[in-house]
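Visitor: Got a structure for you, questions after.
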Amino acid sequence: MAIDCLSHDIVLTAVAFNLFAEENVDIAVIEAGLGGARDATNIISSSDLAASVITTISEEHLAALGGSLESIAVAKSGIIAQLGGSPLFP
């Protein structure tokens with residue numbers, strides 16, 4: 001991936017993870033951006049997760065994830081196969 005293709009979210013995620021490593025953080029609460037398989041937070045290994053939480057699907061990302069609640073649910077479901085720890089559903 002060329003540097004000019006990196007999104008704001010990818011850069012901030014990388015900076016945050018680097019800071020966590022430098023500070024030897026034991027526990028971090030990390031929220032995915034758009035979520036799903038394309039999210040920058042997917043770099044976290046499932047074996048490193050204590051818990052994963054899936055929240056409700058809403059119209060917040062209609063433009064970015066396909067224009068319907070169904071398309072948002074499909075996009076966000078890309079993370080499910082990668083869940084580690086104890087999945088929690090509200």
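Just remember, in the structure tokens the first chain shown is A, the second B, etc., residues are 1-based per chain, and ligands are 1-based in the order shown.
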As a ChimeraX atom specification, list the residues of region 7-86 of chain A assigned to alpha helix (DSSP H) by DSSP on the backbone atoms of this structure.
Guide: /A:8-22,69-76
Visitor: Those same residues - C-alpha atoms - I'd like them written as a PDB file, in the first residue's frame.
Guide:
```
ATOM      1  CA  HIS A   8      -6.647   9.228   8.652  1.00  0.00           C
ATOM      2  CA  ASP A   9      -8.014   6.280  10.683  1.00  0.00           C
ATOM      3  CA  ILE A  10      -5.159   3.953   9.691  1.00  0.00           C
ATOM      4  CA  VAL A  11      -2.512   6.509  10.656  1.00  0.00           C
ATOM      5  CA  LEU A  12      -4.154   7.307  14.002  1.00  0.00           C
ATOM      6  CA  THR A  13      -4.574   3.609  14.773  1.00  0.00           C
ATOM      7  CA  ALA A  14      -0.900   2.969  14.033  1.00  0.00           C
ATOM      8  CA  VAL A  15       0.174   5.918  16.195  1.00  0.00           C
ATOM      9  CA  ALA A  16      -2.069   4.754  19.068  1.00  0.00           C
ATOM     10  CA  PHE A  17      -0.804   1.154  18.920  1.00  0.00           C
ATOM     11  CA  ASN A  18       2.785   2.390  18.835  1.00  0.00           C
ATOM     12  CA  LEU A  19       2.144   4.518  21.928  1.00  0.00           C
ATOM     13  CA  PHE A  20       0.496   1.561  23.693  1.00  0.00           C
ATOM     14  CA  ALA A  21       3.619  -0.522  22.982  1.00  0.00           C
ATOM     15  CA  GLU A  22       6.011   2.205  24.146  1.00  0.00           C
ATOM     16  CA  LEU A  69     -28.767  -1.254   6.999  1.00  0.00           C
ATOM     17  CA  GLU A  70     -28.310  -4.661   5.359  1.00  0.00           C
ATOM     18  CA  SER A  71     -25.111  -3.567   3.588  1.00  0.00           C
ATOM     19  CA  ILE A  72     -23.798  -2.072   6.860  1.00  0.00           C
ATOM     20  CA  ALA A  73     -24.520  -5.348   8.683  1.00  0.00           C
ATOM     21  CA  VAL A  74     -22.736  -7.357   5.970  1.00  0.00           C
ATOM     22  CA  ALA A  75     -19.688  -5.049   6.067  1.00  0.00           C
ATOM     23  CA  LYS A  76     -19.477  -5.069   9.859  1.00  0.00           C
TER      24      LYS A  76
END
```
Visitor: Rounded to one decimal in Å, what is the spacing between CA of Ile30 (chain A) and CA of Ala64 (chain A)?
Guide: 20.7 Å
